[in-house]
Structures are given as C-alpha cells and as structure tokens.
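Engineer: Sending over protein00.csv (CSV, C-alpha atoms and all ligand atoms).
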```
chain,number,residue,atom,x,y,z
S,261,MET,CA,-11.0,-30.5,-75.0
S,262,ASN,CA,-9.4,-31.2,-71.7
S,263,SER,CA,-7.7,-27.9,-71.6
S,264,LYS,CA,-10.8,-26.2,-72.7
S,265,ILE,CA,-12.7,-27.7,-69.7
S,266,GLU,CA,-9.8,-26.7,-67.4
S,267,GLN,CA,-10.0,-23.2,-68.6
S,268,LEU,CA,-13.7,-23.0,-68.2
S,269,LEU,CA,-13.5,-24.5,-64.6
S,270,ALA,CA,-11.1,-21.7,-63.7
S,271,GLU,CA,-13.4,-19.2,-65.3
S,272,VAL,CA,-16.4,-20.5,-63.3
S,273,GLU,CA,-14.3,-20.4,-60.1
S,274,GLN,CA,-13.3,-16.8,-60.5
S,275,PHE,CA,-16.7,-15.5,-61.8
S,276,THR,CA,-18.5,-12.9,-59.6
S,277,ALA,CA,-21.4,-10.7,-60.4
S,278,ASP,CA,-23.4,-8.1,-58.6
S,279,THR,CA,-26.4,-7.8,-60.8
S,280,GLU,CA,-29.1,-10.2,-61.9
S,281,GLN,CA,-28.3,-9.3,-65.5
S,282,LYS,CA,-24.7,-10.3,-65.3
S,283,ILE,CA,-25.6,-13.6,-63.7
S,284,GLU,CA,-28.1,-14.3,-66.4
S,285,GLU,CA,-25.6,-13.5,-69.1
S,286,PHE,CA,-23.2,-15.9,-67.5
S,287,ARG,CA,-25.9,-18.6,-67.3
S,288,ILE,CA,-26.7,-18.2,-71.0
S,289,LYS,CA,-23.0,-18.3,-71.9
S,290,MET,CA,-22.4,-21.4,-69.9
S,291,LEU,CA,-25.6,-23.4,-69.8
S,292,GLY,CA,-27.8,-21.9,-72.5
S,293,LYS,CA,-29.0,-23.8,-75.5
S,294,LYS,CA,-26.1,-22.4,-77.5
S,295,GLY,CA,-23.8,-22.1,-74.6
S,296,VAL,CA,-20.3,-23.5,-74.2
S,297,LEU,CA,-21.4,-26.6,-72.3
S,298,THR,CA,-23.9,-27.6,-75.0
S,299,ARG,CA,-21.2,-27.3,-77.5
S,300,LEU,CA,-18.8,-29.3,-75.4
S,301,PHE,CA,-21.4,-32.1,-74.9
S,302,ASP,CA,-21.8,-32.1,-78.7
S,303,ASP,CA,-18.1,-32.5,-79.1
S,304,PHE,CA,-18.0,-35.1,-76.5
S,305,LYS,CA,-20.0,-37.5,-78.8
S,306,THR,CA,-16.9,-37.7,-81.0
S,307,VAL,CA,-14.4,-38.4,-78.3
S,308,SER,CA,-12.6,-41.7,-78.4
S,309,ALA,CA,-14.0,-44.5,-76.3
S,310,GLU,CA,-11.0,-44.7,-73.9
S,311,ARG,CA,-11.1,-40.9,-73.0
S,312,LYS,CA,-14.9,-40.8,-72.6
S,313,LYS,CA,-15.0,-41.7,-69.0
S,314,GLU,CA,-12.4,-39.2,-67.8
S,315,LEU,CA,-13.8,-36.3,-70.0
S,316,GLY,CA,-17.4,-37.2,-69.2
S,317,GLN,CA,-16.7,-36.9,-65.5
S,318,LYS,CA,-14.9,-33.6,-66.0
S,319,LEU,CA,-17.7,-32.2,-68.1
S,320,ASN,CA,-20.3,-33.1,-65.4
S,321,VAL,CA,-18.1,-31.4,-62.7
S,322,LEU,CA,-18.0,-28.3,-64.8
S,323,LYS,CA,-21.7,-28.3,-65.4
S,324,ASN,CA,-22.4,-28.7,-61.6
S,325,LYS,CA,-20.0,-26.1,-60.6
S,326,ALA,CA,-21.5,-23.6,-63.1
S,327,GLN,CA,-25.0,-24.3,-61.8
S,328,ASP,CA,-23.8,-24.0,-58.1
S,329,LYS,CA,-22.1,-20.8,-58.8
S,330,ILE,CA,-25.1,-19.3,-60.4
S,331,LYS,CA,-27.3,-20.4,-57.6
S,332,THR,CA,-24.9,-19.0,-54.9
S,333,LEU,CA,-24.6,-15.6,-56.6
S,334,LYS,CA,-28.4,-15.4,-57.0
S,335,ASP,CA,-28.9,-16.2,-53.3
S,336,GLN,CA,-26.4,-13.6,-52.3
S,337,LEU,CA,-28.0,-11.0,-54.4
S,338,GLY,CA,-31.4,-11.9,-53.0
S,339,ASN,CA,-30.4,-11.4,-49.4
S,340,GLY,CA,-28.5,-8.2,-49.9
S,341,SER,CA,-30.8,-6.3,-52.1
S,342,SER,CA,-34.2,-7.2,-50.8
S,343,ASP,CA,-35.7,-4.8,-48.3
S,344,SER,CA,-35.2,-6.7,-45.0
S,345,SER,CA,-38.2,-4.9,-43.4
S,346,LEU,CA,-40.4,-6.7,-45.8
S,347,SER,CA,-39.7,-9.9,-44.0
S,348,VAL,CA,-41.2,-8.5,-40.8
S,349,ASP,CA,-44.9,-9.0,-40.5
S,350,LYS,CA,-46.0,-5.7,-39.1
S,351,THR,CA,-49.5,-6.9,-38.5
S,352,MET,CA,-48.4,-9.4,-35.9
S,353,PRO,CA,-49.4,-8.6,-32.3
S,354,GLY,CA,-46.4,-7.2,-30.3
S,355,VAL,CA,-44.5,-9.2,-27.7
S,356,ARG,CA,-45.9,-8.2,-24.3
S,357,SER,CA,-43.4,-7.5,-21.6
S,358,GLU,CA,-44.4,-8.3,-18.1
S,359,VAL,CA,-44.7,-5.2,-15.9
S,360,GLY,CA,-44.0,-5.6,-12.2
S,361,THR,CA,-46.2,-4.4,-9.4
S,362,ARG,CA,-45.6,-3.0,-6.0
S,363,HIS,CA,-45.3,-5.5,-3.1
S,364,PRO,CA,-48.5,-5.6,-1.0
S,365,LEU,CA,-46.5,-4.4,2.0
S,366,SER,CA,-45.3,-1.4,0.1
S,367,VAL,CA,-48.8,-0.6,-1.0
S,368,VAL,CA,-50.0,-0.6,2.6
S,369,LYS,CA,-47.0,1.3,3.9
S,370,ASN,CA,-47.5,4.0,1.3
S,371,GLU,CA,-51.1,4.3,2.1
S,372,ILE,CA,-50.4,4.7,5.9
S,373,VAL,CA,-47.7,7.3,5.2
S,374,GLU,CA,-49.8,9.2,2.7
S,375,ILE,CA,-52.6,9.6,5.2
S,376,PHE,CA,-50.3,11.2,7.7
S,377,ASN,CA,-48.6,13.3,4.9
S,378,ARG,CA,-52.0,14.8,4.2
S,379,LEU,CA,-52.1,15.9,7.9
S,380,GLY,CA,-48.7,17.6,7.5
S,381,TYR,CA,-46.4,14.9,8.8
S,382,VAL,CA,-43.2,14.5,6.9
S,383,THR,CA,-41.6,11.2,6.1
S,384,ALA,CA,-38.3,10.3,7.7
S,385,GLU,CA,-36.1,7.2,7.8
S,386,GLY,CA,-33.3,5.9,10.0
S,387,PRO,CA,-30.7,3.1,9.9
S,388,GLU,CA,-31.7,-0.5,10.4
S,389,MET,CA,-28.4,-1.2,12.1
S,390,GLU,CA,-28.6,0.9,15.2
S,391,ASP,CA,-27.0,1.3,18.6
S,392,ASP,CA,-28.4,0.7,22.1
S,393,TRP,CA,-28.9,4.4,22.8
S,394,HIS,CA,-31.3,5.0,19.9
S,395,VAL,CA,-33.3,1.8,20.3
S,396,PHE,CA,-33.4,1.5,24.1
S,397,SER,CA,-31.6,3.9,26.4
S,398,ALA,CA,-32.8,7.2,25.0
S,399,LEU,CA,-36.3,5.7,25.0
S,400,ASN,CA,-36.2,5.2,28.7
S,401,PHE,CA,-35.7,1.4,28.8
S,402,ALA,CA,-34.2,0.4,32.1
S,403,PRO,CA,-30.8,-1.2,31.8
S,404,ASP,CA,-32.2,-4.6,32.7
S,405,HIS,CA,-35.3,-4.3,30.6
S,406,PRO,CA,-36.2,-7.7,29.0
S,407,ALA,CA,-36.5,-6.3,25.5
S,408,ARG,CA,-32.7,-5.9,25.5
S,409,ASP,CA,-32.3,-9.6,26.0
S,410,MET,CA,-30.5,-11.7,23.5
S,411,GLN,CA,-33.8,-13.6,23.1
S,412,ASP,CA,-35.4,-10.6,21.5
S,413,THR,CA,-32.6,-8.6,19.9
S,414,PHE,CA,-30.1,-9.4,17.3
S,415,PHE,CA,-26.8,-8.0,18.6
S,416,ILE,CA,-24.0,-7.3,16.2
S,417,ASN,CA,-21.3,-6.0,18.5
S,418,THR,CA,-21.6,-6.0,22.3
S,419,ASP,CA,-18.0,-4.9,23.0
S,420,SER,CA,-18.8,-1.3,24.0
S,421,ASP,CA,-21.2,0.3,26.4
S,422,ASN,CA,-23.3,1.2,23.5
S,423,PRO,CA,-23.8,-2.1,21.7
S,424,ILE,CA,-24.6,-2.3,17.9
S,425,LEU,CA,-27.7,-4.1,17.1
S,426,LEU,CA,-30.5,-4.5,14.5
S,427,ARG,CA,-33.3,-2.2,15.5
S,428,THR,CA,-36.3,-4.0,17.1
S,429,HIS,CA,-38.7,-1.1,16.4
S,430,THR,CA,-38.8,2.1,14.4
S,431,SER,CA,-39.2,4.2,17.6
S,432,SER,CA,-35.4,4.7,17.3
S,433,VAL,CA,-36.1,7.1,14.4
S,434,GLN,CA,-38.0,9.3,16.8
S,435,VAL,CA,-34.8,9.8,18.8
S,436,ARG,CA,-32.8,10.6,15.8
S,437,ILE,CA,-35.3,13.2,14.7
S,438,MET,CA,-35.6,14.8,18.1
S,439,GLU,CA,-31.8,14.9,18.5
S,440,LYS,CA,-31.5,16.9,15.2
S,441,GLN,CA,-34.6,19.1,15.3
S,442,GLN,CA,-36.4,21.2,17.9
S,443,PRO,CA,-40.3,21.2,17.9
S,444,PRO,CA,-42.6,21.6,16.2
S,445,ILE,CA,-42.0,18.1,14.9
S,446,ARG,CA,-44.5,16.0,12.9
S,447,VAL,CA,-43.0,12.9,11.3
S,448,VAL,CA,-43.9,9.4,10.1
S,449,CYS,CA,-41.1,6.8,10.0
S,450,PRO,CA,-41.7,3.7,8.0
S,451,GLY,CA,-39.1,0.9,8.1
S,452,ARG,CA,-38.0,-2.7,8.6
S,453,VAL,CA,-37.4,-4.1,12.0
S,454,PHE,CA,-35.8,-7.3,13.4
S,455,ARG,CA,-36.6,-9.5,16.3
S,456,ASN,CA,-35.2,-12.8,17.3
S,457,GLU,CA,-38.5,-14.7,16.9
S,458,ASP,CA,-39.2,-18.2,15.6
S,459,ILE,CA,-40.8,-17.9,12.2
S,460,SER,CA,-44.4,-19.0,12.1
S,461,ALA,CA,-47.7,-18.1,10.4
S,462,ARG,CA,-48.1,-15.3,12.9
S,463,ALA,CA,-44.6,-14.1,13.6
S,464,HIS,CA,-41.5,-13.4,11.6
S,465,CYS,CA,-38.0,-12.2,12.5
S,466,ILE,CA,-38.3,-9.4,10.0
S,467,PHE,CA,-41.3,-7.2,9.7
S,468,HIS,CA,-42.3,-3.6,9.1
S,469,GLN,CA,-43.5,-0.7,11.2
S,470,VAL,CA,-44.6,2.8,10.8
S,471,GLU,CA,-43.8,5.1,13.7
S,472,GLY,CA,-45.4,8.5,14.2
S,473,LEU,CA,-44.3,11.5,16.3
S,474,TYR,CA,-45.9,14.9,17.0
S,475,ILE,CA,-44.2,17.3,19.4
S,476,ASP,CA,-45.2,20.9,20.0
S,477,GLU,CA,-46.5,23.2,22.7
S,478,ASN,CA,-49.7,22.1,24.4
S,479,VAL,CA,-50.2,18.8,22.5
S,480,SER,CA,-52.7,16.7,24.4
S,481,PHE,CA,-53.9,13.1,24.6
S,482,ALA,CA,-57.2,14.3,23.0
S,483,ASP,CA,-55.1,15.5,20.0
S,484,MET,CA,-53.7,12.0,19.7
S,485,LYS,CA,-57.0,10.3,19.9
S,486,GLN,CA,-58.5,12.5,17.2
S,487,THR,CA,-55.5,12.0,14.9
S,488,LEU,CA,-55.6,8.3,15.3
S,489,LEU,CA,-59.4,8.2,14.7
S,490,TYR,CA,-58.9,10.2,11.5
S,491,PHE,CA,-56.2,7.8,10.4
S,492,THR,CA,-58.3,4.7,11.1
S,493,ARG,CA,-61.3,6.0,9.1
S,494,GLU,CA,-59.1,7.0,6.2
S,495,MET,CA,-57.6,3.5,6.2
S,496,PHE,CA,-60.5,1.3,7.0
S,497,GLY,CA,-63.6,3.3,6.3
S,498,GLU,CA,-65.9,5.9,7.8
S,499,ASN,CA,-67.9,3.5,10.0
S,500,VAL,CA,-65.0,2.1,11.9
S,501,GLU,CA,-64.7,2.9,15.7
S,502,ILE,CA,-61.5,3.0,17.8
S,503,ARG,CA,-60.9,2.3,21.5
S,504,LEU,CA,-57.8,3.0,23.6
S,505,ARG,CA,-56.9,0.5,26.3
S,506,PRO,CA,-54.3,1.4,29.0
S,507,SER,CA,-51.0,-0.2,28.4
S,508,TYR,CA,-47.3,0.2,29.2
S,509,PHE,CA,-44.3,1.3,27.1
S,510,PRO,CA,-41.2,2.8,28.7
S,511,PHE,CA,-41.1,5.7,26.3
S,512,THR,CA,-44.7,6.9,26.7
S,513,GLU,CA,-46.8,8.0,29.8
S,514,PRO,CA,-49.7,7.4,29.7
S,515,SER,CA,-49.5,4.6,27.2
S,516,ALA,CA,-52.3,2.9,25.3
S,517,GLU,CA,-53.0,0.1,22.9
S,518,MET,CA,-55.4,1.1,20.2
S,519,ASP,CA,-58.1,-1.3,18.8
S,520,VAL,CA,-60.4,-0.8,15.8
S,521,SER,CA,-63.8,-2.3,15.5
S,522,CYS,CA,-63.5,-5.5,13.6
S,523,THR,CA,-63.2,-4.8,9.9
S,524,ILE,CA,-64.6,-8.2,9.0
S,525,CYS,CA,-67.7,-8.5,11.1
S,526,GLY,CA,-68.2,-4.8,11.9
S,527,GLY,CA,-68.0,-5.5,15.6
S,528,LYS,CA,-70.5,-8.3,16.0
S,529,GLY,CA,-67.8,-10.9,16.7
S,530,CYS,CA,-66.1,-13.4,14.3
S,531,ASN,CA,-63.1,-15.7,14.3
S,532,ILE,CA,-60.8,-13.0,13.1
S,533,CYS,CA,-61.5,-10.8,16.1
S,534,LYS,CA,-61.8,-13.8,18.3
S,535,TYR,CA,-65.5,-12.9,19.0
S,536,THR,CA,-64.4,-9.7,20.8
S,537,GLY,CA,-65.5,-7.3,18.0
S,538,TRP,CA,-62.1,-5.5,18.3
S,539,LEU,CA,-58.7,-5.8,16.6
S,540,GLU,CA,-55.5,-4.4,18.1
S,541,ILE,CA,-53.6,-2.3,15.6
S,542,MET,CA,-51.1,-0.1,17.4
S,543,GLY,CA,-49.4,1.2,20.5
S,544,CYS,CA,-49.4,4.8,21.4
S,545,GLY,CA,-49.0,7.4,24.1
S,546,MET,CA,-47.7,10.7,25.3
S,547,VAL,CA,-44.0,10.9,24.9
S,548,HIS,CA,-42.3,10.4,28.3
S,549,PRO,CA,-40.5,13.5,29.6
S,550,ASN,CA,-37.4,11.5,30.1
S,551,VAL,CA,-37.3,10.8,26.3
S,552,LEU,CA,-37.7,14.5,25.5
S,553,GLU,CA,-34.9,15.4,27.9
S,554,ALA,CA,-32.6,12.6,26.5
S,555,CYS,CA,-33.0,14.3,23.2
S,556,ASN,CA,-32.4,17.9,24.6
S,557,ILE,CA,-36.0,18.9,24.2
S,558,ASP,CA,-37.5,21.0,27.1
S,559,SER,CA,-40.2,18.8,28.6
S,560,LYS,CA,-41.6,21.7,30.5
S,561,LYS,CA,-42.3,23.6,27.4
S,562,TYR,CA,-43.1,20.8,24.9
S,563,SER,CA,-45.3,17.7,24.9
S,564,GLY,CA,-46.3,15.3,22.3
S,565,PHE,CA,-47.6,11.9,21.3
S,566,ALA,CA,-46.1,8.9,19.5
S,567,PHE,CA,-47.5,5.8,18.0
S,568,GLY,CA,-46.3,2.7,16.2
S,569,MET,CA,-48.1,0.1,14.1
S,570,GLY,CA,-47.1,-3.1,12.2
S,571,VAL,CA,-47.5,-2.9,8.5
S,572,GLU,CA,-48.0,-6.7,8.2
S,573,ARG,CA,-50.8,-6.5,10.7
S,574,ILE,CA,-52.7,-3.7,8.8
S,575,ALA,CA,-52.1,-5.6,5.5
S,576,GLN,CA,-53.5,-8.7,7.1
S,577,LEU,CA,-56.7,-6.9,8.2
S,578,LYS,CA,-57.1,-5.4,4.7
S,579,TRP,CA,-56.6,-8.6,2.8
S,580,GLN,CA,-57.1,-11.4,5.3
S,581,VAL,CA,-53.8,-13.0,4.5
S,582,SER,CA,-53.6,-15.7,7.2
S,583,ASP,CA,-49.9,-16.5,6.9
S,584,ILE,CA,-47.4,-13.7,7.4
S,585,ARG,CA,-44.6,-15.8,5.7
S,586,LEU,CA,-46.3,-15.3,2.3
S,587,TYR,CA,-45.1,-11.6,2.4
S,588,PHE,CA,-41.5,-12.7,2.4
S,589,GLU,CA,-41.4,-15.6,0.0
S,590,ASN,CA,-41.9,-13.5,-3.2
S,591,ASP,CA,-43.9,-16.2,-4.8
S,592,VAL,CA,-45.3,-14.5,-7.9
S,593,ARG,CA,-48.6,-16.4,-7.6
S,594,PHE,CA,-49.2,-14.6,-4.3
S,595,LEU,CA,-47.8,-11.2,-5.5
S,596,ASN,CA,-49.9,-11.4,-8.7
S,597,MET,CA,-53.0,-11.4,-6.5
S,598,PHE,CA,-52.3,-7.7,-5.7
S,599,ARG,CA,-51.9,-6.6,-9.3
S,600,THR,CA,-54.9,-4.3,-9.3
S,601,VAL,CA,-54.2,-2.9,-5.9
S,602,VAL,CA,-51.6,-0.3,-6.8
O,1,LIG,N1,-42.3,0.6,19.5
O,1,LIG,C1,-43.5,-0.2,19.9
O,1,LIG,C2,-43.4,-1.6,19.4
O,1,LIG,O1,-42.5,-1.9,18.7
O,1,LIG,C3,-44.7,0.4,19.3
O,1,LIG,C4,-45.0,1.7,19.9
O,1,LIG,C5,-45.8,1.9,21.0
O,1,LIG,C6,-44.5,2.9,19.3
O,1,LIG,C7,-46.1,3.1,21.5
O,1,LIG,C8,-44.8,4.1,19.9
O,1,LIG,C9,-45.6,4.2,21.0
O,1,LIG,O2,-44.3,5.3,19.4
O,1,LIG,O3,-45.9,5.4,21.5
O,1,LIG,O4,-44.1,-2.4,19.8
```
Can you give me the file's structure in the form of structure tokens?

Structural biologist:
Amino acid sequence: MNSKIEQLLAEVEQFTADTEQKIEEFRIKMLGKKGVLTRLFDDFKTVSAERKKELGQKLNVLKNKAQDKIKTLKDQLGNGSSDSSLSVDKTMPGVRSEVGTRHPLSVVKNEIVEIFNRLGYVTAEGPEMEDDWHVFSALNFAPDHPARDMQDTFFINTDSDNPILLRTHTSSVQVRIMEKQQPPIRVVCPGRVFRNEDISARAHCIFHQVEGLYIDENVSFADMKQTLLYFTREMFGENVEIRLRPSYFPFTEPSAEMDVSCTICGGKGCNICKYTGWLEIMGCGMVHPNVLEACNIDSKKYSGFAFGMGVERIAQLKWQVSDIRLYFENDVRFLNMFRTVV
C-alpha cells in the first residue's frame, strides 16, 4: 500500500491538463466515489494497528495534494481562457484627465498682440539677455542716465564697453528690428523684462511688456493717437476714453503717458483710479531722430511712433487682481479662476 501511495503521489505531482475535461477525468479517477483514493481508504481499514498512523498520514497528504492540484489547474485555466475584456465594466464613467489652461498673463498678452495683428502689425521677439547698446545707448540714453544704475538693472558682465545685462524693457526689440529692416515697419514685441526692484504687491523684479513700433513716411502724432484709441476700445470697450499727458523718455520726442478712463467707475472716481477717473496704462511718443539714425534709418525721410505697456498692469485692470505676486506663484487655486477666460 505504501508503494501504491508513493506512486500516486508522483502521478499527482506530474499531472498537468489544459482542458476542463482532462481535469475532471483526473478528479474522478483520484477522488471520485469509485476513485483510487476511495479504494485506498477502504483498504486502509484492514491495515495493521501499528502501520495505521504512518499510512493514514500519507493517505491524507495524497488526498490534499490531489485536491490542491485540481484547484490550481482549474484556476490557471480560468484565468487564461476567460475573455479578459469581460472583467472591465464598460459602463463605468471614464477617468477624467485634468486639462491645463493658459496663464492669465498669456491670455492678456495674446489679446493685446492680436488687436495689433489685426491692424497689420507683425509679432517679433528679442533676447532677454541683452547688451547695453540695444537696451540703452541706441535708445538715446545718456551715458550717465540713472536707468543704467545697478539699482535698476541686473548686470551680467560689465567687463566691456558694451555690458551684458537683463533687458529692463522691450524697447530693445525696436532697435533689433530697425537694425535689420528698413521701413515700413509695423511690429509688436511682447516679452519678459527684469528690474532690480523689491518684490511687493505692486512691483516685481520680473514682469511683462508689449512694445509697439510703426515707422514709415509721414507718420504723425495723430496717427499714434488714433491707433492707441482703437487699441484701448478693442481691449476695454467702446465707451472708454483716452488722454495723453506730456512725459519724457529718451527715445521719443515728444513723449506722452497714456491714461484710460477708469474701467471700474467709468471716470466718476473710485479707489482704483484714486478718485481721478483715469488710469495710466502706457508710455508712447514719436521715435527720436537719434534712435532712427543709430539704427541706420534716414530720419529726414522717415518718422514713426512707439509705445510700451505693462501686461500685468492691463491684467490688473481687467480682473482687479490686487497683488502682482499672484501671477508668479503658480498657485493652481488662483490659476483655476481663469479657466473660462481662454
Ligand atoms: N520702455 C518704456 C518703459 O519701460 C515704455 C515705453 C515708453 C516704450 C515710451 C515706448 C515708448 O516705446 O515710446 O517704461
């Protein structure tokens, strides 16, 4: 009996089957009512008392092994043959993936640029790391102009006569365009600028500007005023008024500061416009002849205007964001507020 059990143990060990039917045949042979184990248990009754313990244990091992084997083979067959797609519930709602949105500053920048594109201005960009010539000298800044001061400008390398620095305004792109191209020129230049300012709710050392430039024969101050009025009304609405106040920039003559009637109170006076009814939004003016000449453009033949505005400032007027730092922190709770704006 012992050798019979040994032989069956080996048989169970080696048995494999790849169909349900073969497994079932094996089960009937081993564990069925007339199967080998039933017969062995019958024989077991006649075994002598002293061998009962040993053979009884072996018989139980055989029975368990046969049962385990059948179960394992059935499981394997179940996994392999069943159609795995059936285990996916196709009626379940899909997993939604989060879609990003444009940054509010990009939204405003694009809007500004697109308004000018519709007037025939092309978009141009220049380097953020610039040299003194493009940021200051070609734009008619005197050698001792305070804007060149370390207090305002981040210098990168001051070893040469033409120091390398981070541009403090996008007016540098005007110079790059005029050096490459003769009039007529109509460009808008959006970009990031850098100034050595303490960061506060109202100021940041990084911000964004859009520069505009129009050079051709017989371009007048009146052309500038009309262009900027058109821009303002496209941006802020039909009922908005503009006013130009005399100002000074080295690269324009005459120069002006442009205000729009307060977009919050409509000009009546509120705390946003500090009860003046007006909000300052950009600098502008007729391009200085020295600037044209520095870029090899004949200032007798050509004239033109330029303007520059801060993107954060326009965004602030659009959405009344009171703290400029929010634009740079990338807090998704803030950015999500502009989800529908794009
Ligand atoms: N570059 C000036 C600034 O950063 C803005 C500006 C003023 C640009 C007058 C111009 C301009 O083109 O004509 O404050």

Engineer: With all atoms of ligand LIG 1 (chain O) from the file as input, state the centre and edge lengths in Å to one decimal of the axis-aligned box that has 3 Å extra on each side, as lines of an AutoDock Vina configuration file.

Structural biologist:
```
center_x = -44.2
center_y = 1.5
center_z = 20.1
size_x = 9.8
size_y = 13.8
size_z = 8.8
```

Engineer: What residues of the protein or nucleic acid chains come within 7 Å of ligand LIG 1 (chain O) when you use only C-alpha atoms and all ligand atoms? Reply as a ChimeraX atom specification.

Structural biologist: /S:428-431,471-473,509,511-512,515,542-547,565-569

Engineer: Taking only residues of stretch 299-405 of chain S that have an atom at most 12 Å from an atom of stretch 483-488 of chain S, what is each one's shortest atom pair and its distance in Å to one decimal, using only C-alpha atoms, in chain and number order, as JSON lines?

Structural biologist:
```
{"residue": "S:Ile372", "atom": "CA", "partner": "S:Leu488", "partner_atom": "CA", "distance": 11.3}
{"residue": "S:Ile375", "atom": "CA", "partner": "S:Thr487", "partner_atom": "CA", "distance": 10.4}
{"residue": "S:Phe376", "atom": "CA", "partner": "S:Thr487", "partner_atom": "CA", "distance": 8.9}
{"residue": "S:Arg378", "atom": "CA", "partner": "S:Thr487", "partner_atom": "CA", "distance": 11.6}
{"residue": "S:Leu379", "atom": "CA", "partner": "S:Thr487", "partner_atom": "CA", "distance": 8.7}
{"residue": "S:Gly380", "atom": "CA", "partner": "S:Thr487", "partner_atom": "CA", "distance": 11.5}
{"residue": "S:Tyr381", "atom": "CA", "partner": "S:Thr487", "partner_atom": "CA", "distance": 11.3}
```

Engineer: Restricting the calculation to all atoms listed in the file, which member of S:Phe594, S:Val373, S:Val581, S:Asn324 is positioned closest to S:Glu494?

Structural biologist: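 Closest to S:Glu494, using all atoms listed in the file: S:Val373.
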
Engineer: Which residues come within 12 Å of S:Met290, counting only C-alpha atoms, excluding same-chain residues fewer than 2 positions away, as a PyMOL selection string?

Structural biologist: chain S and resi 265+268-269+271-272+275+283-288+292-301+319+322-327+329-330

Engineer: Generate N, CA and C atoms for stretch 514-532 of chain S and emit them as an mmCIF file, in the coordinates of the input.

Structural biologist:
```cif
data_model
loop_
_atom_site.group_PDB
_atom_site.id
_atom_site.type_symbol
_atom_site.label_atom_id
_atom_site.label_comp_id
_atom_site.auth_asym_id
_atom_site.auth_seq_id
_atom_site.Cartn_x
_atom_site.Cartn_y
_atom_site.Cartn_z
ATOM 1 N N PRO S 514 -49.133 8.784 29.721
ATOM 2 C CA PRO S 514 -49.700 7.400 29.700
ATOM 3 C C PRO S 514 -49.506 6.727 28.384
ATOM 4 N N SER S 515 -49.604 5.405 28.403
ATOM 5 C CA SER S 515 -49.500 4.600 27.200
ATOM 6 C C SER S 515 -50.822 3.904 26.910
ATOM 7 N N ALA S 516 -51.051 3.614 25.643
ATOM 8 C CA ALA S 516 -52.300 2.900 25.300
ATOM 9 C C ALA S 516 -52.080 1.961 24.147
ATOM 10 N N GLU S 517 -52.988 1.036 24.046
ATOM 11 C CA GLU S 517 -53.000 0.100 22.900
ATOM 12 C C GLU S 517 -54.313 0.497 22.179
ATOM 13 N N MET S 518 -54.213 0.657 20.865
ATOM 14 C CA MET S 518 -55.400 1.100 20.200
ATOM 15 C C MET S 518 -56.042 -0.090 19.380
ATOM 16 N N ASP S 519 -57.353 -0.256 19.561
ATOM 17 C CA ASP S 519 -58.100 -1.300 18.800
ATOM 18 C C ASP S 519 -59.022 -0.601 17.812
ATOM 19 N N VAL S 520 -59.313 -1.296 16.710
ATOM 20 C CA VAL S 520 -60.400 -0.800 15.800
ATOM 21 C C VAL S 520 -61.488 -1.835 15.807
ATOM 22 N N SER S 521 -62.700 -1.346 15.573
ATOM 23 C CA SER S 521 -63.800 -2.300 15.500
ATOM 24 C C SER S 521 -63.556 -3.233 14.336
ATOM 25 N N CYS S 522 -63.876 -4.505 14.528
ATOM 26 C CA CYS S 522 -63.500 -5.500 13.600
ATOM 27 C C CYS S 522 -63.910 -5.181 12.145
ATOM 28 N N THR S 523 -62.919 -5.160 11.241
ATOM 29 C CA THR S 523 -63.200 -4.800 9.900
ATOM 30 C C THR S 523 -63.912 -5.875 9.091
ATOM 31 N N ILE S 524 -63.947 -7.064 9.678
ATOM 32 C CA ILE S 524 -64.600 -8.200 9.000
ATOM 33 C C ILE S 524 -66.067 -8.283 9.372
ATOM 34 N N CYS S 525 -66.343 -8.290 10.677
ATOM 35 C CA CYS S 525 -67.700 -8.500 11.100
ATOM 36 C C CYS S 525 -68.402 -7.209 11.545
ATOM 37 N N GLY S 526 -67.644 -6.098 11.501
ATOM 38 C CA GLY S 526 -68.200 -4.800 11.900
ATOM 39 C C GLY S 526 -68.465 -4.703 13.398
ATOM 40 N N GLY S 527 -67.842 -5.580 14.175
ATOM 41 C CA GLY S 527 -68.000 -5.500 15.600
ATOM 42 C C GLY S 527 -68.888 -6.485 16.269
ATOM 43 N N LYS S 528 -69.522 -7.295 15.413
ATOM 44 C CA LYS S 528 -70.500 -8.300 16.000
ATOM 45 C C LYS S 528 -69.795 -9.466 16.610
ATOM 46 N N GLY S 529 -68.581 -9.754 16.128
ATOM 47 C CA GLY S 529 -67.800 -10.900 16.700
ATOM 48 C C GLY S 529 -67.680 -11.989 15.582
ATOM 49 N N CYS S 530 -66.415 -12.350 15.309
ATOM 50 C CA CYS S 530 -66.100 -13.400 14.300
ATOM 51 C C CYS S 530 -64.806 -14.057 14.694
ATOM 52 N N ASN S 531 -64.363 -15.043 13.904
ATOM 53 C CA ASN S 531 -63.100 -15.700 14.300
ATOM 54 C C ASN S 531 -61.884 -14.865 14.123
ATOM 55 N N ILE S 532 -61.955 -13.838 13.255
ATOM 56 C CA ILE S 532 -60.800 -13.000 13.100
ATOM 57 C C ILE S 532 -60.557 -12.114 14.333
#
```
